[in-house]
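Text of the file run27.txt, holding compact mmCIF, C-alpha atoms:
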# COMPACT_ATOMS: atom_id res chain seq x y z
CA MET A 1 98.45 73.12 148.84
CA ASN A 2 94.97 74.59 148.54
CA LYS A 3 92.22 72.01 147.94
CA ASN A 4 91.38 73.76 144.67
CA GLN A 5 94.78 72.71 143.31
CA ALA A 6 94.17 68.98 143.84
CA ALA A 7 96.14 66.69 141.52
CA ASP A 8 93.05 64.97 140.09
CA HIS A 9 92.00 68.22 138.39
CA TYR A 10 95.15 68.08 136.26
CA THR A 11 95.45 64.44 135.22
CA ILE A 12 96.16 64.01 131.50
CA HIS A 13 95.66 60.46 130.19
CA ASP A 14 98.08 60.73 127.28
CA ALA A 15 100.51 63.62 127.14
CA ASP A 16 102.92 62.04 124.64
CA GLU A 17 101.98 64.41 121.80
CA ILE A 18 101.99 67.60 123.89
CA PHE A 19 105.13 69.67 123.55
CA SER A 20 106.90 70.86 126.68
CA PRO A 21 107.20 73.31 128.16
CA GLY A 22 103.68 73.94 126.93
CA LEU A 23 100.73 76.00 128.10
CA LEU A 24 97.63 74.05 129.16
CA ILE A 25 94.06 75.27 129.58
CA PHE A 26 91.60 73.00 131.36
CA LYS A 27 88.28 73.65 129.65
CA GLU A 28 85.89 72.39 132.33
CA LEU A 29 87.71 74.44 134.96
CA VAL A 30 87.36 77.60 132.83
CA GLU A 31 83.62 76.92 132.53
CA HIS A 32 83.40 76.28 136.28
CA ASN A 33 85.10 79.61 137.02
CA LEU A 34 82.87 81.55 134.64
CA LYS A 35 79.70 80.05 136.11
CA ALA A 36 80.94 80.95 139.60
CA MET A 37 81.70 84.52 138.45
CA ILE A 38 78.21 84.94 136.97
CA GLN A 39 76.57 83.63 140.13
CA MET A 40 78.73 85.85 142.33
CA ALA A 41 78.05 88.95 140.22
CA GLY A 42 74.30 88.37 140.09
CA GLY A 43 74.09 87.77 136.35
CA PRO A 44 76.22 88.01 133.21
CA HIS A 45 75.12 91.62 132.58
CA ARG A 46 76.92 92.63 135.79
CA LEU A 47 80.29 91.41 134.50
CA CYS A 48 82.95 93.10 132.40
CA PRO A 49 85.77 90.52 132.72
CA HIS A 50 89.29 91.47 131.73
CA CYS A 51 90.65 89.43 128.81
CA LYS A 52 94.31 90.24 129.57
CA THR A 53 94.54 87.02 131.56
CA HIS A 54 93.79 84.63 128.69
CA LYS A 55 93.96 86.64 125.40
CA THR A 56 92.07 83.91 123.50
CA ARG A 57 89.14 84.02 121.10
CA GLU A 58 87.82 80.68 122.29
CA ILE A 59 87.35 81.81 125.89
CA ILE A 60 85.63 84.96 124.61
CA ARG A 61 83.21 82.68 122.73
CA ILE A 62 82.49 80.66 125.87
CA GLU A 63 81.84 83.87 127.81
CA LYS A 64 79.63 85.21 125.05
CA ALA A 65 77.60 81.97 124.99
CA MET A 66 77.06 82.44 128.74
CA GLY A 67 75.64 85.93 128.13
CA ILE A 68 78.69 88.05 128.99
CA MET A 69 78.56 90.90 126.48
CA SER A 70 80.80 93.53 128.14
CA HIS A 71 84.54 92.92 128.20
CA LYS A 72 87.58 94.78 129.45
CA CYS A 73 91.03 94.79 127.87
CA ALA A 74 94.40 96.53 128.14
CA THR A 75 95.68 96.82 124.57
CA VAL A 76 94.39 97.83 121.15
CA ALA A 77 95.15 94.28 119.97
CA GLU A 78 92.96 92.81 122.70
CA ALA A 79 90.21 95.27 121.82
CA GLU A 80 90.43 94.26 118.16
CA MET A 81 90.25 90.58 119.09
CA LEU A 82 87.11 91.23 121.14
CA ALA A 83 85.53 93.30 118.38
CA THR A 84 86.12 90.64 115.73
CA GLU A 85 84.31 88.20 118.03
CA GLY A 86 81.25 90.43 117.95
CA ILE A 87 81.47 91.75 121.51
CA PRO A 88 79.11 94.77 121.58
CA GLU A 89 80.66 96.65 124.54
CA ILE A 90 84.44 96.87 124.97
CA LEU A 91 86.33 98.85 127.60
CA LEU A 92 89.96 99.53 126.73
CA ALA A 93 91.10 100.21 130.27
CA TYR A 94 94.26 102.06 129.38
CA GLN A 95 94.67 105.76 128.73
CA MET A 96 95.61 106.30 125.08
CA VAL A 97 98.80 108.25 124.36
CA GLY A 98 101.23 108.52 121.45
CA PRO A 99 100.47 106.41 118.35
CA ASN A 100 97.73 104.56 120.24
CA LEU A 101 95.53 107.66 119.95
CA LYS A 102 95.31 107.23 116.17
CA ARG A 103 94.90 103.47 116.56
CA MET A 104 91.94 104.09 118.84
CA VAL A 105 90.32 106.27 116.17
CA GLU A 106 90.92 103.58 113.56
CA LEU A 107 89.43 100.93 115.85
CA VAL A 108 86.25 102.95 116.31
CA LYS A 109 85.96 103.52 112.55
CA THR A 110 86.59 99.85 111.72
CA PHE A 111 83.95 98.46 114.09
CA PRO A 112 81.01 100.89 113.98
CA ASP A 113 78.62 98.40 115.63
CA THR A 114 80.78 98.14 118.75
CA GLN A 115 80.54 100.56 121.67
CA PHE A 116 84.15 101.31 122.62
CA THR A 117 85.00 102.97 125.90
CA THR A 118 88.40 104.05 127.17
CA LEU A 119 89.87 105.66 130.30
CA ILE A 120 90.88 109.25 130.95
CA ASP A 121 92.72 110.54 134.02
CA HIS A 122 94.33 113.75 132.69
CA PRO A 123 93.11 116.84 130.80
CA THR A 124 95.87 116.54 128.18
CA ALA A 125 94.81 113.02 127.28
CA ALA A 126 91.17 114.10 127.10
CA GLY A 127 91.99 116.98 124.78
CA GLN A 128 94.17 114.89 122.46
CA LEU A 129 91.67 112.05 122.15
CA GLY A 130 88.69 114.37 121.71
CA ARG A 131 90.46 116.37 119.01
CA LEU A 132 91.39 113.30 116.95
CA MET A 133 87.93 111.79 117.31
CA LYS A 134 86.32 115.04 116.17
CA LEU A 135 88.64 115.31 113.16
CA ALA A 136 87.63 111.78 112.16
CA ASP A 137 83.95 112.58 112.72
CA GLN A 138 83.82 109.86 115.39
CA GLU A 139 82.92 109.66 119.06
CA ILE A 140 84.13 107.43 121.86
CA ALA A 141 82.76 106.89 125.36
CA VAL A 142 85.10 107.53 128.28
CA LEU A 143 85.24 106.64 131.94
CA ILE A 144 87.16 108.87 134.32
CA ASP A 145 89.80 106.69 135.94
CA LEU A 146 89.94 107.41 139.69
CA ASN A 147 92.89 106.54 141.92
CA PRO A 148 91.62 104.12 144.61
CA GLY A 149 94.91 104.23 146.53
CA MET A 150 96.83 101.94 144.21
CA ASP A 151 98.88 104.97 143.03
CA ARG A 152 99.39 103.53 139.56
CA THR A 153 96.93 105.39 137.35
CA GLY A 154 93.87 107.48 138.02
CA ILE A 155 93.10 110.96 139.29
CA GLU A 156 92.44 111.53 142.98
CA PRO A 157 88.72 111.86 143.76
CA GLY A 158 88.20 115.54 144.51
CA PRO A 159 88.18 118.97 142.87
CA ASN A 160 90.62 118.12 140.06
CA ALA A 161 88.62 115.05 139.12
CA MET A 162 85.44 117.14 139.13
CA GLU A 163 87.07 119.64 136.76
CA LEU A 164 88.14 116.79 134.48
CA LEU A 165 84.59 115.45 134.39
CA GLU A 166 83.24 118.87 133.47
CA MET A 167 85.92 119.28 130.80
CA VAL A 168 85.12 115.91 129.20
CA MET A 169 81.42 116.76 129.12
CA GLY A 170 82.22 119.80 127.01
CA LEU A 171 84.54 118.10 124.51
CA GLU A 172 83.32 117.06 121.09
CA GLY A 173 84.42 113.57 120.14
CA LEU A 174 84.07 112.30 123.71
CA GLN A 175 80.98 111.03 125.47
CA LEU A 176 81.22 110.88 129.26
CA GLN A 177 79.93 107.52 130.37
CA GLY A 178 80.94 107.25 134.02
CA LEU A 179 83.68 106.25 136.45
CA HIS A 180 86.35 103.57 136.75
CA TRP A 181 87.61 102.23 140.11
CA TYR A 182 90.23 99.48 140.01
CA ASP A 183 91.25 98.64 143.58
CA GLY A 184 93.69 95.89 142.66
CA GLN A 185 95.85 96.62 145.69
CA ASN A 186 93.30 94.95 147.98
CA ARG A 187 94.81 91.46 148.14
CA HIS A 188 94.80 90.85 151.89
CA ALA A 189 94.80 87.14 152.71
CA ASP A 190 92.66 87.85 155.77
CA LEU A 191 89.12 88.25 154.44
CA GLN A 192 88.05 90.68 157.17
CA GLN A 193 91.04 92.94 156.53
CA ARG A 194 90.35 92.83 152.81
CA ARG A 195 86.68 93.59 153.33
CA LEU A 196 87.55 96.56 155.55
CA ALA A 197 90.00 97.95 152.97
CA VAL A 198 87.55 97.47 150.09
CA ASP A 199 84.68 99.03 152.04
CA ASN A 200 86.77 102.02 153.12
CA GLY A 201 87.78 102.65 149.52
CA TRP A 202 84.24 102.19 148.25
CA ASN A 203 82.97 104.71 150.79
CA ARG A 204 85.43 107.25 149.34
CA PHE A 205 84.24 106.40 145.87
CA THR A 206 80.52 106.70 146.61
CA LEU A 207 81.05 110.00 148.44
CA PHE A 208 82.69 111.42 145.31
CA ARG A 209 80.10 109.81 143.04
CA ASP A 210 77.33 111.50 145.03
CA GLN A 211 79.09 114.88 144.69
CA VAL A 212 79.31 114.34 140.93
CA LEU A 213 75.58 113.65 140.72
CA MET A 214 74.76 116.66 142.88
CA ASN A 215 76.78 118.79 140.44
CA GLY A 216 74.42 117.70 137.69
CA ILE A 217 76.89 115.38 135.94
CA PRO A 218 75.19 112.12 134.89
CA ILE A 219 76.81 108.75 135.55
CA GLN A 220 75.56 105.96 133.33
CA ARG A 221 78.12 103.33 134.20
CA ILE A 222 80.59 102.37 136.91
CA VAL A 223 83.26 99.73 136.23
CA ALA A 224 85.09 98.51 139.31
CA ALA A 225 86.85 95.67 141.12
CA GLY A 226 89.95 93.58 140.89
CA SER A 227 89.97 89.89 141.63
CA GLY A 228 90.37 90.43 145.37
CA SER A 229 87.55 92.94 145.75
CA PHE A 230 85.20 91.35 143.23
CA PRO A 231 83.13 89.24 145.70
CA ILE A 232 82.88 92.15 148.14
CA LEU A 233 81.80 94.78 145.64
CA ALA A 234 79.39 92.27 144.11
CA GLU A 235 77.41 92.48 147.35
CA LYS A 236 76.92 96.25 147.08
CA GLY A 237 73.89 96.10 144.82
CA GLU A 238 74.87 99.23 142.89
CA PRO A 239 72.56 99.23 139.84
CA GLN A 240 75.09 100.89 137.49
CA LEU A 241 78.03 98.78 138.61
CA GLN A 242 79.81 96.31 136.36
CA LEU A 243 82.46 94.13 137.97
CA SER A 244 85.73 93.69 136.11
CA PRO A 245 87.86 90.87 137.55
CA GLY A 246 90.25 89.21 135.15
CA THR A 247 92.34 86.56 136.82
CA THR A 248 89.29 84.71 138.13
CA VAL A 249 88.57 83.43 134.60
CA LEU A 250 91.69 81.23 134.65
CA PHE A 251 92.63 81.83 138.29
CA ASP A 252 96.14 80.81 139.36
CA SER A 253 97.93 79.14 142.24
CA GLU A 254 98.81 82.44 143.93
CA LEU A 255 95.20 83.59 144.21
CA ALA A 256 94.09 80.10 145.20
CA GLU A 257 96.41 80.40 148.20
CA ILE A 258 95.66 84.06 149.05
CA PHE A 259 91.88 83.73 148.60
CA PRO A 260 91.00 80.17 149.72
CA GLU A 261 87.39 81.21 150.35
CA MET A 262 86.80 81.87 146.65
CA PRO A 263 85.16 79.08 144.63
CA PHE A 264 87.52 79.36 141.66
CA ILE A 265 89.97 76.66 140.52
CA PRO A 266 93.23 77.26 138.63
CA ALA A 267 92.44 76.40 135.01
CA ILE A 268 95.88 77.07 133.56
CA GLY A 269 98.95 74.89 133.74
CA ILE A 270 102.28 74.21 132.08
CA LEU A 271 103.22 70.75 130.90
CA THR A 272 106.85 70.12 131.76
CA ARG A 273 109.12 67.08 131.48
CA VAL A 274 112.05 65.63 133.36
CA VAL A 275 115.16 66.37 131.28
CA SER A 276 117.80 65.33 133.84
CA ARG A 277 117.83 63.25 137.04
CA ASN A 278 121.25 62.49 138.38
CA ARG A 279 120.83 63.52 142.03
CA TRP A 280 118.78 61.85 144.73
CA ASN A 281 115.61 63.79 145.67
CA GLU A 282 116.09 66.20 142.73
CA VAL A 283 115.02 66.38 139.10
CA THR A 284 115.53 68.99 136.42
CA LEU A 285 112.50 70.07 134.41
CA ASP A 286 112.27 71.99 131.12
CA VAL A 287 110.19 74.85 132.57
CA GLY A 288 112.63 77.74 132.72
CA HIS A 289 111.69 81.33 133.41
CA LYS A 290 111.15 81.85 129.67
CA SER A 291 108.01 79.71 129.91
CA CYS A 292 106.31 80.95 133.07
CA ALA A 293 105.63 84.24 134.81
CA ALA A 294 108.94 85.51 136.14
CA ASP A 295 107.48 88.43 138.09
CA GLN A 296 107.30 86.23 141.18
CA PRO A 297 110.43 85.75 143.32
CA ALA A 298 112.72 82.92 142.28
CA GLY A 299 111.78 79.79 144.18
CA ASN A 300 108.11 80.78 144.26
CA ARG A 301 106.89 80.72 140.64
CA LEU A 302 105.20 77.34 140.27
CA ARG A 303 103.20 74.75 142.16
CA PHE A 304 103.10 71.03 141.36
CA PRO A 305 99.79 69.33 142.23
CA GLN A 306 101.39 65.90 141.89
CA PHE A 307 104.19 66.95 144.24
CA PRO A 308 102.71 69.51 146.67
CA ASN A 309 105.86 69.56 148.84
CA ALA A 310 108.32 70.14 146.02
CA LYS A 311 110.76 73.03 146.43
CA GLU A 312 112.12 75.10 143.55
CA ILE A 313 115.90 74.99 143.92
CA ASN A 314 117.25 76.74 140.86
CA GLN A 315 115.54 78.19 137.78
CA THR A 316 117.33 79.44 134.67
CA GLU A 317 116.09 80.36 131.21
CA GLU A 318 115.30 76.79 130.14
CA HIS A 319 115.52 74.68 133.31
CA LEU A 320 114.09 74.30 136.79
CA VAL A 321 115.49 72.05 139.48
CA ILE A 322 112.98 70.86 142.08
CA SER A 323 113.62 68.91 145.24
CA ASP A 324 111.31 66.45 147.00
CA PRO A 325 111.83 62.79 147.99
CA ALA A 326 108.66 61.99 146.03
CA VAL A 327 110.30 62.95 142.73
CA ASN A 328 112.53 59.88 142.93
CA GLU A 329 109.63 57.99 141.33
CA LEU A 330 110.00 60.06 138.14
CA ASN A 331 111.87 58.81 135.10
CA LEU A 332 113.65 60.76 132.37
CA GLY A 333 111.02 62.14 129.98
CA ASP A 334 108.08 61.88 132.40
CA ALA A 335 105.55 64.70 132.06
CA ILE A 336 103.99 66.53 135.00
CA VAL A 337 101.76 69.60 135.31
CA ALA A 338 102.99 72.82 136.93
CA LEU A 339 100.59 75.57 138.01
CA PRO A 340 101.94 79.10 137.52
CA ARG A 341 101.70 81.44 140.46
CA HIS A 342 100.62 84.26 138.11
CA ALA A 343 98.40 83.42 135.14
CA CYS A 344 98.42 86.68 133.12
CA PRO A 345 102.14 86.95 132.23
CA THR A 346 102.32 83.18 131.74
CA THR A 347 99.82 83.13 128.87
CA ALA A 348 101.62 86.07 127.26
CA VAL A 349 104.84 84.09 126.71
CA HIS A 350 103.14 81.20 124.85
CA GLN A 351 101.90 81.20 121.26
CA PHE A 352 99.19 78.63 121.89
CA ALA A 353 97.65 76.47 124.59
CA ASP A 354 96.78 72.81 124.45
CA VAL A 355 93.22 72.40 125.70
CA ILE A 356 92.42 69.58 128.08
CA SER A 357 88.85 68.30 128.43
CA ASN A 358 87.91 65.20 130.41
CA HIS A 359 91.63 64.55 130.90
CA GLU A 360 92.29 64.40 127.13
CA ARG A 361 93.92 66.86 124.74
CA VAL A 362 91.08 68.03 122.50
CA ALA A 363 92.20 71.25 120.82
CA GLN A 364 94.84 73.92 120.51
CA TRP A 365 93.92 77.57 121.11
CA LYS A 366 96.04 80.43 119.84
CA ILE A 367 96.94 83.15 122.33
CA ALA A 368 95.63 85.57 119.75
CA ALA A 369 96.22 88.88 121.49
CA ARG A 370 99.68 88.25 122.95
CA ASP A 371 101.09 90.59 120.29
CA ARG A 372 100.64 94.33 120.62
CA MET A 373 99.22 94.62 117.11
CA LEU A 374 96.86 92.48 115.05
CA THR A 375 95.88 94.60 112.03
CA ILE A 376 95.24 98.05 113.54

Turn this file's structure into structure tokens for me.
Amino acid sequence: MNKNQAADHYTIHDADEIFSPGLLIFKELVEHNLKAMIQMAGGPHRLCPHCKTHKTREIIRIEKAMGIMSHKCATVAEAEMLATEGIPEILLAYQMVGPNLKRMVELVKTFPDTQFTTLIDHPTAAGQLGRLMKLADQEIAVLIDLNPGMDRTGIEPGPNAMELLEMVMGLEGLQLQGLHWYDGQNRHADLQQRRLAVDNGWNRFTLFRDQVLMNGIPIQRIVAAGSGSFPILAEKGEPQLQLSPGTTVLFDSELAEIFPEMPFIPAIGILTRVVSRNRWNEVTLDVGHKSCAADQPAGNRLRFPQFPNAKEINQTEEHLVISDPAVNELNLGDAIVALPRHACPTTAVHQFADVISNHERVAQWKIAARDRMLTI
């Protein structure tokens, strides 16, 4: 197990009043990660962290107190949560379609002191959003979402993207702000391979960016980077660049293993208890796949700092069987901490998190934006 998942980070002195399976957030580790992000980025103004990982008002407040005033999100609910916390610059990094177009207009109208930005990668989306904004006598900033090779969203850098930029510049209701480059596919465990992939992609990006500028189209802002490329792009020194990692705020056991060179520590856990122990070297825990991210392959969803050699034998909706001679020391009802391999979908399945500070439970934070709608 990676040194950043050491058991002493996750000791809880009295867990008797904490429900299981229950989400845990380790406050000092969150603060450690945020300080490391700010140092890596070169200042809080260079960050636009993605709130999809944690979805909590309290972490937004910690980030805001550290000077982070630009935030990224993926849903209208997350954007509303950020706006109600007084965040002045919010990027909704998802192209609006269907009913979300009208919700975006309502969001802009409801929070006039907030600069909202969203993504565009298609002329139809640009036309629809611009038309509704104009009808409402509103304006929203947009970034053109470029495809960095992830082949998920984004328009290929080239002539079509140039035409889209020119179209957006001419649309009332839209204000062209710049470009978006999310290279989340660059997750190579080998740092040199990852650096090469990130640099190759960034060279493509800057070549297109330079063509845009030569065509007389201004670029005020560039938002880029996933968690894997964040440290590499942070070294580029691009003056208009804001870095937008998300998972690094809470981190998780998967990234701790893939990126051991990064200074971040998993700050999210799940408290689980032994609910059955009738076989030697095996115990059954109450952390089924309803309470952790299930996007990872079965048998590879959790890590146990107290039992680094434990193997996941069988996971069902409400139970997980683990095997390790060391678990023979556990008694029925004993609580242990599990670290999810993937933080983002894990927070989304819990209504609240128990907050651990100095090894004590000190608060309970609501996962406020886990729903798709708050009021808008």

Best match for closeness to A:Ile367 among A:Pro325, A:Pro159, A:Pro345, A:Gly154, counting only C-alpha atoms: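 Nearest candidate to A:Ile367 out of A:Pro325, A:Pro159, A:Pro345, A:Gly154: A:Pro345.
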
Give the answer as one residue: which of A:Val30, A:Leu91, A:Leu255, A:Leu176 has the shortest atom-to-atom distance to A:Glu58, using all atoms listed in the file? A:Val30

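Distances to A:Ser276 were evaluated for A:Arg46, A:His71, A:His319, A:His13 using only C-alpha atoms, and the minimum falls at A:His319.
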
May I have the centre and edge lengths, in Å to one decimal, of an axis-aligned box around the listed atoms of stretch 119-132 of chain A with 3 Å added to every side, as JSON?
{"center_x": 92.3, "center_y": 111.3, "center_z": 125.5, "size_x": 13.2, "size_y": 17.3, "size_z": 23.1}

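The shortest atom-to-atom distance to A:Gly178, with only C-alpha atoms taken into account, belongs to A:Leu143 out of A:Val198, A:His50, A:Leu143, A:Asn331.
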
Compile the contact shell of stretch 6-10 of chain A as a list in words: residues with an atom at most 7 Å away, counting only C-alpha atoms, same-chain residues fewer than 4 positions apart removed.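 Non-adjacent residues within range: Pro305, Gln306 and Val337 of chain A.
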
Atoms to include: C-alpha atoms. Write the selected residues as a compact mmCIF listing (two decimals), in the coordinates of the input.
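See part-v1.txt below for the written result:
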# COMPACT_ATOMS: atom_id res chain seq x y z
CA PRO A 305 99.79 69.33 142.23
CA GLN A 306 101.39 65.90 141.89
CA VAL A 337 101.76 69.60 135.31

Atom pair atom CA of A:Ile313 / atom CA of A:Ala348: separation (Å):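 Between these atoms lies a distance of 24.6 Å.
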
Let me make sure I understand: among A:Leu101, A:Met150, A:Leu164, A:Ala225, which one has the smallest atom-to-atom distance to A:Met133 if we use all atoms listed in the file?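 Selected residue with least distance to A:Met133: A:Leu101.
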
Any idea what's packed within 8 Å of stretch 73-83 of chain A, counting only C-alpha atoms, ignoring anything in its chain fewer than 4 positions away? Could you give it as a PyMOL selection string? chain A and resi 50-52+55+57+60+87-88+90-94+100+103-104+107+111+114+368-369+371-376

Could you jot down the atom CA of A:Ile120 to atom CA of A:Ile144 separation for me, Å, one decimal place? 5.0 Å

Determine, counting all atoms listed in the file, every residue of protein, DNA or RNA that lies within 8 Å of (90.7, 86.1, 142.7) in the file coordinates, then give the result as an MDAnalysis selection string. chainID A and resid 226:228 230 245 247:248 251 255:256 259 262 264

If we count all atoms listed in the file, what is near A:Ile270 at a cut-off of 7 Å, once residues fewer than 4 positions away on the same chain are taken out, given as number ranges by chain? A: 21-24, 337-339

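Note that atom CA of A:Leu34 and atom CA of A:Leu47 are 10.2 Å apart.
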
Give as a PDB file with C-alpha atoms, keeping the file's coordinate frame every residue, naming chains and numbers as the document does, that has an atom within 6 Å of (110.0, 71.8, 128.5), counting only C-alpha atoms.
ATOM      1  CA  SER A  20     106.900  70.860 126.680  1.00  0.00           C
ATOM      2  CA  PRO A  21     107.200  73.310 128.160  1.00  0.00           C
ATOM      3  CA  THR A 272     106.850  70.120 131.760  1.00  0.00           C
ATOM      4  CA  ARG A 273     109.120  67.080 131.480  1.00  0.00           C
ATOM      5  CA  ASP A 286     112.270  71.990 131.120  1.00  0.00           C
ATOM      6  CA  VAL A 287     110.190  74.850 132.570  1.00  0.00           C
TER       7      VAL A 287
END

At a cut-off of 10 Å, using all atoms listed in the file, what residues contact A:Ile232? Leave out same-chain residues fewer than 5 positions from it and give the result as JSON, numbers by chain. {"A": [40, 41, 191, 194, 195, 196, 198, 199, 225, 227]}

Give me, as number ranges by chain, all polymer residues having an atom no more than 9 Å from A:Met162, counting only C-alpha atoms and skipping those fewer than 3 positions away in the same chain. A: 157-159, 165-167, 208, 211-212, 215

Using the partial input, fill out stretch 58-82 of chain A with N, CA and C atoms; write the result as a PDB file, in the coordinates of the input.
ATOM      1  N   GLU A  58      88.691  81.785 121.896  1.00  0.00           N
ATOM      2  CA  GLU A  58      87.820  80.680 122.290  1.00  0.00           C
ATOM      3  C   GLU A  58      87.190  80.922 123.660  1.00  0.00           C
ATOM      4  N   ILE A  59      87.938  81.508 124.586  1.00  0.00           N
ATOM      5  CA  ILE A  59      87.350  81.810 125.890  1.00  0.00           C
ATOM      6  C   ILE A  59      86.340  82.941 125.761  1.00  0.00           C
ATOM      7  N   ILE A  60      86.615  83.907 124.884  1.00  0.00           N
ATOM      8  CA  ILE A  60      85.630  84.960 124.610  1.00  0.00           C
ATOM      9  C   ILE A  60      84.326  84.338 124.119  1.00  0.00           C
ATOM     10  N   ARG A  61      84.417  83.333 123.253  1.00  0.00           N
ATOM     11  CA  ARG A  61      83.210  82.680 122.730  1.00  0.00           C
ATOM     12  C   ARG A  61      82.448  81.946 123.830  1.00  0.00           C
ATOM     13  N   ILE A  62      83.160  81.323 124.741  1.00  0.00           N
ATOM     14  CA  ILE A  62      82.490  80.660 125.870  1.00  0.00           C
ATOM     15  C   ILE A  62      81.773  81.694 126.725  1.00  0.00           C
ATOM     16  N   GLU A  63      82.450  82.805 127.005  1.00  0.00           N
ATOM     17  CA  GLU A  63      81.840  83.870 127.810  1.00  0.00           C
ATOM     18  C   GLU A  63      80.613  84.443 127.112  1.00  0.00           C
ATOM     19  N   LYS A  64      80.744  84.657 125.814  1.00  0.00           N
ATOM     20  CA  LYS A  64      79.630  85.210 125.050  1.00  0.00           C
ATOM     21  C   LYS A  64      78.432  84.258 125.071  1.00  0.00           C
ATOM     22  N   ALA A  65      78.679  82.963 124.943  1.00  0.00           N
ATOM     23  CA  ALA A  65      77.600  81.970 124.990  1.00  0.00           C
ATOM     24  C   ALA A  65      76.913  81.954 126.345  1.00  0.00           C
ATOM     25  N   MET A  66      77.636  82.373 127.395  1.00  0.00           N
ATOM     26  CA  MET A  66      77.060  82.440 128.740  1.00  0.00           C
ATOM     27  C   MET A  66      76.364  83.774 128.994  1.00  0.00           C
ATOM     28  N   GLY A  67      76.357  84.659 127.996  1.00  0.00           N
ATOM     29  CA  GLY A  67      75.640  85.930 128.130  1.00  0.00           C
ATOM     30  C   GLY A  67      76.478  87.101 128.538  1.00  0.00           C
ATOM     31  N   ILE A  68      77.798  86.948 128.600  1.00  0.00           N
ATOM     32  CA  ILE A  68      78.690  88.050 128.990  1.00  0.00           C
ATOM     33  C   ILE A  68      79.000  88.875 127.746  1.00  0.00           C
ATOM     34  N   MET A  69      78.456  90.074 127.674  1.00  0.00           N
ATOM     35  CA  MET A  69      78.560  90.900 126.480  1.00  0.00           C
ATOM     36  C   MET A  69      79.425  92.145 126.665  1.00  0.00           C
ATOM     37  N   SER A  70      79.875  92.423 127.869  1.00  0.00           N
ATOM     38  CA  SER A  70      80.800  93.530 128.140  1.00  0.00           C
ATOM     39  C   SER A  70      82.142  92.941 128.530  1.00  0.00           C
ATOM     40  N   HIS A  71      83.205  93.441 127.924  1.00  0.00           N
ATOM     41  CA  HIS A  71      84.540  92.920 128.200  1.00  0.00           C
ATOM     42  C   HIS A  71      85.517  94.067 128.362  1.00  0.00           C
ATOM     43  N   LYS A  72      86.544  93.809 129.159  1.00  0.00           N
ATOM     44  CA  LYS A  72      87.580  94.780 129.450  1.00  0.00           C
ATOM     45  C   LYS A  72      88.888  94.272 128.849  1.00  0.00           C
ATOM     46  N   CYS A  73      89.744  95.183 128.427  1.00  0.00           N
ATOM     47  CA  CYS A  73      91.030  94.790 127.870  1.00  0.00           C
ATOM     48  C   CYS A  73      92.058  95.878 128.161  1.00  0.00           C
ATOM     49  N   ALA A  74      93.323  95.592 127.814  1.00  0.00           N
ATOM     50  CA  ALA A  74      94.400  96.530 128.140  1.00  0.00           C
ATOM     51  C   ALA A  74      95.161  97.016 126.929  1.00  0.00           C
ATOM     52  N   THR A  75      94.940  96.413 125.761  1.00  0.00           N
ATOM     53  CA  THR A  75      95.680  96.820 124.570  1.00  0.00           C
ATOM     54  C   THR A  75      94.725  96.959 123.392  1.00  0.00           C
ATOM     55  N   VAL A  76      95.181  97.692 122.374  1.00  0.00           N
ATOM     56  CA  VAL A  76      94.390  97.830 121.150  1.00  0.00           C
ATOM     57  C   VAL A  76      94.218  96.460 120.492  1.00  0.00           C
ATOM     58  N   ALA A  77      95.247  95.624 120.548  1.00  0.00           N
ATOM     59  CA  ALA A  77      95.150  94.280 119.970  1.00  0.00           C
ATOM     60  C   ALA A  77      94.072  93.458 120.660  1.00  0.00           C
ATOM     61  N   GLU A  78      94.018  93.533 121.979  1.00  0.00           N
ATOM     62  CA  GLU A  78      92.960  92.810 122.700  1.00  0.00           C
ATOM     63  C   GLU A  78      91.592  93.356 122.341  1.00  0.00           C
ATOM     64  N   ALA A  79      91.486  94.670 122.208  1.00  0.00           N
ATOM     65  CA  ALA A  79      90.210  95.270 121.820  1.00  0.00           C
ATOM     66  C   ALA A  79      89.792  94.807 120.435  1.00  0.00           C
ATOM     67  N   GLU A  80      90.744  94.726 119.514  1.00  0.00           N
ATOM     68  CA  GLU A  80      90.430  94.260 118.160  1.00  0.00           C
ATOM     69  C   GLU A  80      89.985  92.799 118.179  1.00  0.00           C
ATOM     70  N   MET A  81      90.656  91.981 118.971  1.00  0.00           N
ATOM     71  CA  MET A  81      90.250  90.580 119.090  1.00  0.00           C
ATOM     72  C   MET A  81      88.815  90.471 119.589  1.00  0.00           C
ATOM     73  N   LEU A  82      88.471  91.246 120.607  1.00  0.00           N
ATOM     74  CA  LEU A  82      87.110  91.230 121.140  1.00  0.00           C
ATOM     75  C   LEU A  82      86.111  91.696 120.101  1.00  0.00           C
TER      76      LEU A  82
END
